[in-house]
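Have a look at structure.cif; it's mmCIF, C-alpha atoms, pLDDT in the B column; chains and numbers go by the auth columns:
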```
data_target
#
loop_
_atom_site.group_PDB
_atom_site.id
_atom_site.type_symbol
_atom_site.label_atom_id
_atom_site.label_comp_id
_atom_site.label_asym_id
_atom_site.label_seq_id
_atom_site.Cartn_x
_atom_site.Cartn_y
_atom_site.Cartn_z
_atom_site.B_iso_or_equiv
_atom_site.auth_seq_id
_atom_site.auth_asym_id
ATOM 1 C CA MET A 1 -4.890 -4.694 36.882 44.00 21 A
ATOM 2 C CA ALA A 2 -5.097 -1.243 35.299 47.00 22 A
ATOM 3 C CA LYS A 3 -8.433 0.454 34.767 52.00 23 A
ATOM 4 C CA ASN A 4 -9.889 0.060 31.302 52.00 24 A
ATOM 5 C CA LYS A 5 -10.324 3.463 29.742 57.00 25 A
ATOM 6 C CA LEU A 6 -11.948 3.564 26.351 74.00 26 A
ATOM 7 C CA TYR A 7 -9.543 4.920 23.761 83.00 27 A
ATOM 8 C CA SER A 8 -9.971 4.997 20.016 91.00 28 A
ATOM 9 C CA LYS A 9 -7.081 3.817 17.870 95.00 29 A
ATOM 10 C CA GLU A 10 -6.224 7.469 17.157 95.00 30 A
ATOM 11 C CA GLU A 11 -6.253 8.329 20.866 96.00 31 A
ATOM 12 C CA LEU A 12 -4.011 5.351 21.618 97.00 32 A
ATOM 13 C CA LEU A 13 -1.563 6.549 18.963 98.00 33 A
ATOM 14 C CA LYS A 14 -1.626 10.106 20.280 97.00 34 A
ATOM 15 C CA LYS A 15 -0.905 8.837 23.788 97.00 35 A
ATOM 16 C CA ALA A 16 1.847 6.523 22.462 98.00 36 A
ATOM 17 C CA VAL A 17 3.529 9.445 20.702 98.00 37 A
ATOM 18 C CA GLU A 18 3.351 11.339 23.986 98.00 38 A
ATOM 19 C CA MET A 19 5.085 8.417 25.703 98.00 39 A
ATOM 20 C CA VAL A 20 7.814 8.312 23.038 98.00 40 A
ATOM 21 C CA LYS A 21 8.401 12.065 23.524 98.00 41 A
ATOM 22 C CA GLU A 22 8.905 11.516 27.241 98.00 42 A
ATOM 23 C CA LYS A 23 10.628 8.146 27.436 97.00 43 A
ATOM 24 C CA GLY A 24 11.977 7.323 23.980 97.00 44 A
ATOM 25 C CA PHE A 25 10.912 4.754 21.397 97.00 45 A
ATOM 26 C CA ALA A 26 12.951 1.950 22.969 96.00 46 A
ATOM 27 C CA LYS A 27 10.708 2.079 26.064 97.00 47 A
ATOM 28 C CA LEU A 28 7.529 1.600 24.012 97.00 48 A
ATOM 29 C CA GLY A 29 6.026 -1.847 24.402 96.00 49 A
ATOM 30 C CA ILE A 30 2.476 -3.043 24.821 97.00 50 A
ATOM 31 C CA ARG A 31 2.817 -3.591 28.575 97.00 51 A
ATOM 32 C CA SER A 32 4.835 -0.435 29.226 97.00 52 A
ATOM 33 C CA PHE A 33 2.396 1.612 27.174 97.00 53 A
ATOM 34 C CA ALA A 34 -0.600 0.085 28.935 96.00 54 A
ATOM 35 C CA GLU A 35 0.944 1.070 32.259 97.00 55 A
ATOM 36 C CA TYR A 36 1.732 4.572 30.948 97.00 56 A
ATOM 37 C CA ALA A 37 -1.828 5.033 29.640 95.00 57 A
ATOM 38 C CA GLY A 38 -3.436 3.506 32.735 93.00 58 A
ATOM 39 C CA ILE A 39 -5.186 0.758 30.781 94.00 59 A
ATOM 40 C CA SER A 40 -4.939 -2.986 30.335 93.00 60 A
ATOM 41 C CA THR A 41 -3.111 -4.444 27.356 95.00 61 A
ATOM 42 C CA GLN A 42 -6.369 -5.666 25.802 94.00 62 A
ATOM 43 C CA PRO A 43 -7.415 -2.403 24.063 94.00 63 A
ATOM 44 C CA ILE A 44 -3.963 -2.113 22.529 96.00 64 A
ATOM 45 C CA CYS A 45 -4.009 -5.681 21.279 94.00 65 A
ATOM 46 C CA ASP A 46 -7.564 -5.245 19.985 94.00 66 A
ATOM 47 C CA ALA A 47 -6.592 -2.096 18.084 95.00 67 A
ATOM 48 C CA PHE A 48 -3.220 -3.231 16.684 96.00 68 A
ATOM 49 C CA GLY A 49 -2.964 -6.998 17.030 94.00 69 A
ATOM 50 C CA ASN A 50 0.695 -7.191 17.993 96.00 70 A
ATOM 51 C CA LEU A 51 3.726 -5.142 18.995 95.00 71 A
ATOM 52 C CA LYS A 52 5.110 -4.886 15.461 94.00 72 A
ATOM 53 C CA ALA A 53 1.863 -3.417 14.110 96.00 73 A
ATOM 54 C CA PHE A 54 1.619 -1.091 17.108 97.00 74 A
ATOM 55 C CA ASN A 55 5.178 0.174 16.648 96.00 75 A
ATOM 56 C CA GLU A 56 4.653 0.639 12.899 94.00 76 A
ATOM 57 C CA ALA A 57 1.503 2.677 13.552 97.00 77 A
ATOM 58 C CA VAL A 58 3.339 4.831 16.110 98.00 78 A
ATOM 59 C CA ILE A 59 6.182 5.465 13.648 96.00 79 A
ATOM 60 C CA LEU A 60 3.646 6.473 10.971 95.00 80 A
ATOM 61 C CA SER A 61 2.016 8.876 13.449 98.00 81 A
ATOM 62 C CA ILE A 62 5.385 10.402 14.303 98.00 82 A
ATOM 63 C CA ASN A 63 6.197 10.667 10.607 95.00 83 A
ATOM 64 C CA ASP A 64 2.926 12.537 10.027 97.00 84 A
ATOM 65 C CA LEU A 65 3.954 15.031 12.725 98.00 85 A
ATOM 66 C CA TYR A 66 7.373 15.418 11.094 97.00 86 A
ATOM 67 C CA GLU A 67 5.889 15.935 7.626 95.00 87 A
ATOM 68 C CA ASP A 68 3.503 18.596 8.982 97.00 88 A
ATOM 69 C CA PHE A 69 6.462 20.305 10.681 97.00 89 A
ATOM 70 C CA LEU A 70 8.459 20.141 7.438 95.00 90 A
ATOM 71 C CA LYS A 71 5.623 21.544 5.287 95.00 91 A
ATOM 72 C CA THR A 72 5.042 24.381 7.747 96.00 92 A
ATOM 73 C CA LYS A 73 8.723 25.374 7.757 94.00 93 A
ATOM 74 C CA ILE A 74 8.969 25.259 3.959 94.00 94 A
ATOM 75 C CA ALA A 75 5.714 27.229 3.546 95.00 95 A
ATOM 76 C CA LYS A 76 7.069 30.090 5.669 95.00 96 A
ATOM 77 C CA GLY A 77 9.351 30.933 2.741 92.00 97 A
ATOM 78 C CA LYS A 78 12.217 32.162 4.923 93.00 98 A
ATOM 79 C CA TYR A 79 14.649 29.952 2.976 94.00 99 A
ATOM 80 C CA PRO A 80 14.631 28.296 -0.454 92.00 100 A
ATOM 81 C CA PRO A 81 12.710 24.974 -0.227 91.00 101 A
ATOM 82 C CA TYR A 82 15.753 22.678 -0.347 93.00 102 A
ATOM 83 C CA LYS A 83 17.520 24.583 2.419 95.00 103 A
ATOM 84 C CA ALA A 84 14.270 24.947 4.376 94.00 104 A
ATOM 85 C CA SER A 85 13.788 21.179 4.320 94.00 105 A
ATOM 86 C CA GLY A 86 17.297 20.606 5.690 95.00 106 A
ATOM 87 C CA LEU A 87 16.857 23.199 8.414 96.00 107 A
ATOM 88 C CA ALA A 88 13.427 21.787 9.274 96.00 108 A
ATOM 89 C CA TYR A 89 15.008 18.362 9.699 97.00 109 A
ATOM 90 C CA VAL A 90 17.601 19.819 12.067 97.00 110 A
ATOM 91 C CA ASN A 91 15.002 21.887 13.929 97.00 111 A
ATOM 92 C CA PHE A 92 12.725 18.868 14.342 98.00 112 A
ATOM 93 C CA ALA A 93 15.675 17.116 15.996 98.00 113 A
ATOM 94 C CA ARG A 94 16.132 20.158 18.224 97.00 114 A
ATOM 95 C CA ARG A 95 12.449 20.481 19.149 97.00 115 A
ATOM 96 C CA GLU A 96 11.486 16.789 19.385 98.00 116 A
ATOM 97 C CA PRO A 97 14.670 14.811 19.991 98.00 117 A
ATOM 98 C CA GLU A 98 12.977 11.550 20.996 98.00 118 A
ATOM 99 C CA LEU A 99 10.597 11.662 18.030 98.00 119 A
ATOM 100 C CA PHE A 100 13.543 12.434 15.749 98.00 120 A
ATOM 101 C CA LYS A 101 15.467 9.474 17.163 98.00 121 A
ATOM 102 C CA ALA A 102 12.444 7.204 16.661 97.00 122 A
ATOM 103 C CA LEU A 103 12.162 8.197 13.014 95.00 123 A
ATOM 104 C CA PHE A 104 15.765 8.603 11.957 95.00 124 A
ATOM 105 C CA MET A 105 18.014 6.883 14.510 95.00 125 A
ATOM 106 C CA ARG A 106 16.383 3.472 14.954 90.00 126 A
ATOM 107 C CA SER A 107 17.509 0.230 13.376 86.00 127 A
ATOM 108 C CA ARG A 108 16.020 -0.254 9.929 81.00 128 A
ATOM 109 C CA LYS A 109 16.892 -3.931 9.759 82.00 129 A
ATOM 110 C CA GLY A 110 13.964 -5.783 8.225 79.00 130 A
ATOM 111 C CA GLU A 111 12.305 -2.633 6.863 76.00 131 A
ATOM 112 C CA SER A 112 11.949 -2.150 3.116 74.00 132 A
ATOM 113 C CA GLY A 113 12.973 1.528 2.972 72.00 133 A
ATOM 114 C CA LYS A 114 10.849 1.861 -0.167 77.00 134 A
ATOM 115 C CA LYS A 115 9.234 5.167 0.826 76.00 135 A
ATOM 116 C CA GLU A 116 12.563 6.694 1.826 79.00 136 A
ATOM 117 C CA ASP A 117 14.081 5.603 -1.504 82.00 137 A
ATOM 118 C CA GLU A 118 11.158 7.122 -3.403 87.00 138 A
ATOM 119 C CA ASP A 119 11.472 10.394 -1.471 86.00 139 A
ATOM 120 C CA PHE A 120 15.230 10.484 -2.058 88.00 140 A
ATOM 121 C CA ASN A 121 14.772 9.854 -5.782 89.00 141 A
ATOM 122 C CA LYS A 122 12.166 12.647 -6.082 90.00 142 A
ATOM 123 C CA ILE A 123 14.535 15.098 -4.430 91.00 143 A
ATOM 124 C CA ALA A 124 17.365 14.013 -6.727 91.00 144 A
ATOM 125 C CA GLU A 125 15.084 14.505 -9.758 92.00 145 A
ATOM 126 C CA THR A 126 14.165 18.004 -8.547 91.00 146 A
ATOM 127 C CA ILE A 127 17.830 18.925 -8.055 92.00 147 A
ATOM 128 C CA SER A 128 18.699 17.463 -11.453 91.00 148 A
ATOM 129 C CA LYS A 129 16.095 19.617 -13.216 91.00 149 A
ATOM 130 C CA ALA A 130 16.642 22.768 -11.151 90.00 150 A
ATOM 131 C CA TYR A 131 20.429 22.826 -11.538 91.00 151 A
ATOM 132 C CA GLY A 132 20.907 21.075 -14.874 90.00 152 A
ATOM 133 C CA MET A 133 22.744 18.109 -13.388 92.00 153 A
ATOM 134 C CA ALA A 134 22.657 14.541 -14.593 93.00 154 A
ATOM 135 C CA TYR A 135 20.362 12.498 -12.360 94.00 155 A
ATOM 136 C CA GLU A 136 23.172 10.352 -10.886 94.00 156 A
ATOM 137 C CA THR A 137 25.193 13.493 -10.134 94.00 157 A
ATOM 138 C CA ALA A 138 22.173 15.034 -8.413 93.00 158 A
ATOM 139 C CA ARG A 139 21.755 11.848 -6.336 94.00 159 A
ATOM 140 C CA LYS A 140 25.374 12.035 -5.176 95.00 160 A
ATOM 141 C CA PHE A 141 25.039 15.775 -4.472 94.00 161 A
ATOM 142 C CA HIS A 142 21.931 15.172 -2.356 94.00 162 A
ATOM 143 C CA LEU A 143 23.523 12.233 -0.533 94.00 163 A
ATOM 144 C CA GLU A 144 26.480 14.390 0.494 95.00 164 A
ATOM 145 C CA MET A 145 24.223 17.239 1.619 95.00 165 A
ATOM 146 C CA TRP A 146 22.024 14.735 3.461 95.00 166 A
ATOM 147 C CA VAL A 147 25.007 13.366 5.396 96.00 167 A
ATOM 148 C CA ILE A 148 25.830 16.887 6.594 96.00 168 A
ATOM 149 C CA VAL A 149 22.228 17.697 7.533 97.00 169 A
ATOM 150 C CA HIS A 150 21.747 14.369 9.293 96.00 170 A
ATOM 151 C CA GLY A 151 25.032 14.844 11.137 96.00 171 A
ATOM 152 C CA PHE A 152 23.869 18.193 12.490 95.00 172 A
ATOM 153 C CA ALA A 153 20.473 16.787 13.425 97.00 173 A
ATOM 154 C CA THR A 154 21.820 13.740 15.263 97.00 174 A
ATOM 155 C CA GLN A 155 24.351 15.823 17.164 96.00 175 A
ATOM 156 C CA ILE A 156 21.629 18.274 18.164 96.00 176 A
ATOM 157 C CA ALA A 157 19.144 15.504 19.094 97.00 177 A
ATOM 158 C CA THR A 158 21.754 13.887 21.334 96.00 178 A
ATOM 159 C CA GLU A 159 22.790 17.269 22.795 95.00 179 A
ATOM 160 C CA TYR A 160 26.332 16.935 21.484 96.00 180 A
ATOM 161 C CA LEU A 161 25.971 20.286 19.681 91.00 181 A
ATOM 162 C CA THR A 162 23.849 23.266 20.581 90.00 182 A
ATOM 163 C CA LEU A 163 24.387 25.395 17.477 91.00 183 A
ATOM 164 C CA PRO A 164 21.713 28.009 16.794 93.00 184 A
ATOM 165 C CA GLU A 165 19.744 27.841 13.541 93.00 185 A
ATOM 166 C CA GLU A 166 21.681 30.778 12.066 95.00 186 A
ATOM 167 C CA ASP A 167 24.997 28.918 12.389 96.00 187 A
ATOM 168 C CA VAL A 168 23.540 25.728 10.916 95.00 188 A
ATOM 169 C CA SER A 169 22.041 27.787 8.095 96.00 189 A
ATOM 170 C CA GLU A 170 25.384 29.397 7.292 97.00 190 A
ATOM 171 C CA ILE A 171 27.226 26.063 7.258 96.00 191 A
ATOM 172 C CA LEU A 172 24.543 24.491 5.059 96.00 192 A
ATOM 173 C CA THR A 173 24.846 27.395 2.609 97.00 193 A
ATOM 174 C CA ASP A 174 28.632 27.023 2.531 97.00 194 A
ATOM 175 C CA SER A 175 28.314 23.260 1.987 96.00 195 A
ATOM 176 C CA PHE A 176 25.662 23.680 -0.706 96.00 196 A
ATOM 177 C CA ASN A 177 27.771 26.229 -2.582 95.00 197 A
ATOM 178 C CA ALA A 178 30.942 24.132 -2.314 96.00 198 A
ATOM 179 C CA PHE A 179 29.202 20.968 -3.523 94.00 199 A
ATOM 180 C CA MET A 180 27.392 22.868 -6.262 93.00 200 A
ATOM 181 C CA LYS A 181 30.705 24.267 -7.505 93.00 201 A
ATOM 182 C CA LEU A 182 32.241 20.802 -7.374 91.00 202 A
ATOM 183 C CA TYR A 183 29.393 19.044 -9.183 87.00 203 A
ATOM 184 C CA LYS A 184 28.645 21.765 -11.719 80.00 204 A
ATOM 185 C CA GLY A 185 32.344 21.740 -12.633 72.00 205 A
ATOM 186 C CA LYS A 186 32.240 18.010 -13.488 60.00 206 A
#
```

Structure translated into structure tokens:
Amino acid sequence: MAKNKLYSKEELLKKAVEMVKEKGFAKLGIRSFAEYAGISTQPICDAFGNLKAFNEAVILSINDLYEDFLKTKIAKGKYPPYKASGLAYVNFARREPELFKALFMRSRKGESGKKEDEDFNKIAETISKAYGMAYETARKFHLEMWVIVHGFATQIATEYLTLPEEDVSEILTDSFNAFMKLYKGK
């Protein structure tokens, strides 16, 4: 039996995120994590109750890291906020491929997707106001840009592509301008 180290819930989550970085989200289970952390399963079960709650808490912790990364990249002001958010998404995939996969490349079956829908709608509203587009047009515009950004990110996270940020930036600008011309012309 593993030694019982005393970890707070936050320390367990930090260690679990570390495990996901190294081994991937699919390898995260209560027993595998206990072995990784050098503890028994009891502290994990006490803190989270079950595997589903544990996994949900780990995903929320990873999402917090992603949101901090995103805010930092946008705050630098190197690119306009919309472009900066797309590049941050791609760069998060480049820097933390296993965390990216856990957040954006896992099955969503059984999840509500409510937060993602709310975030998507806010972005569409911002685009609608900023560029004078009807809301539904802005939603379609953002969906098409999102598919391109996500495509880059998944290919980078899986090491299919190794494009530098400058090349991704240029392609995103070209795509943005082409879609903007298309949608503003409608």

(message) Can you tell me which residues surround range 144-156 of chain A at a distance of at most 12 Å, considering all atoms listed in the file, apart from same-chain residues fewer than 5 positions away, and format the answer as a PyMOL selection string?
(response) chain A and resi 101-103+137-139+161-166+196+200-206

(message) as an MDAnalysis selection string, please: the residues near Leu33 in chain A (cut-off 8 Å, all atoms listed in the file, same-chain neighbours under 5 positions excluded).
(response) chainID A and resid 77:78 81

Output the selection as an mmCIF file, in the frame of the given file - C-alpha atoms for each residue.
```cif
data_model
loop_
_atom_site.group_PDB
_atom_site.id
_atom_site.type_symbol
_atom_site.label_atom_id
_atom_site.label_comp_id
_atom_site.auth_asym_id
_atom_site.auth_seq_id
_atom_site.Cartn_x
_atom_site.Cartn_y
_atom_site.Cartn_z
ATOM 1 C CA ALA A 77 1.503 2.677 13.552
ATOM 2 C CA VAL A 78 3.339 4.831 16.110
ATOM 3 C CA SER A 81 2.016 8.876 13.449
#
```

Taking all listed atoms of range 35-40 of chain A, build the axis-aligned box, pad each of the six sides by 8 Å, then write its centre and edge lengths in Å to one decimal as AutoDock Vina command-line options.
```
--center_x 3.5 --center_y 8.9 --center_z 23.2 --size_x 24.7 --size_y 20.8 --size_z 21.0
```

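Shortest atom-to-atom contact with Ala122 in chain A among A:Leu80, A:Ile176, A:Val188, A:Ile50: A:Leu80, counting all atoms listed in the file.
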
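When only C-alpha atoms are used to measure the gap to Lys135 in chain A, the shortest distance among A:Ala177, A:Tyr109, A:Asn83, A:Leu119 belongs to A:Asn83.
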
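Pairwise distance (CA of Ala67 in chain A, CA of Leu26 in chain A) equals 11.4 Å.
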
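Atom pair CA of Val169 in chain A / CA of Gly106 in chain A: separated by 6.0 Å.
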
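One finds CA of Lys129 in chain A at 21.6 Å from CA of Tyr86 in chain A.
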
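Among the candidates A:Ala46, A:Ala73, A:Leu181, A:Val37, the one nearest to Val110 in chain A when counting all atoms listed in the file is A:Leu181.
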
(message) Suppose a student applies the PyMOL selection byres ((chain A and resi 172) around 12) to this structure; what residues should they get, written as a ChimeraX atom specification?
(response) /A:106-114,165-171,173-185,187-189,191-192

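Proximity ranking of A:Asn75, A:Thr61, A:Thr92, A:Asn141 relative to Leu48 in chain A places A:Asn75 first, based on only C-alpha atoms.
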
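For the residues A:Gly130, A:Lys35, A:Cys65, A:Glu186, ranking by smallest atom-to-atom distance to Arg51 in chain A using all atoms listed in the file places A:Cys65 first.
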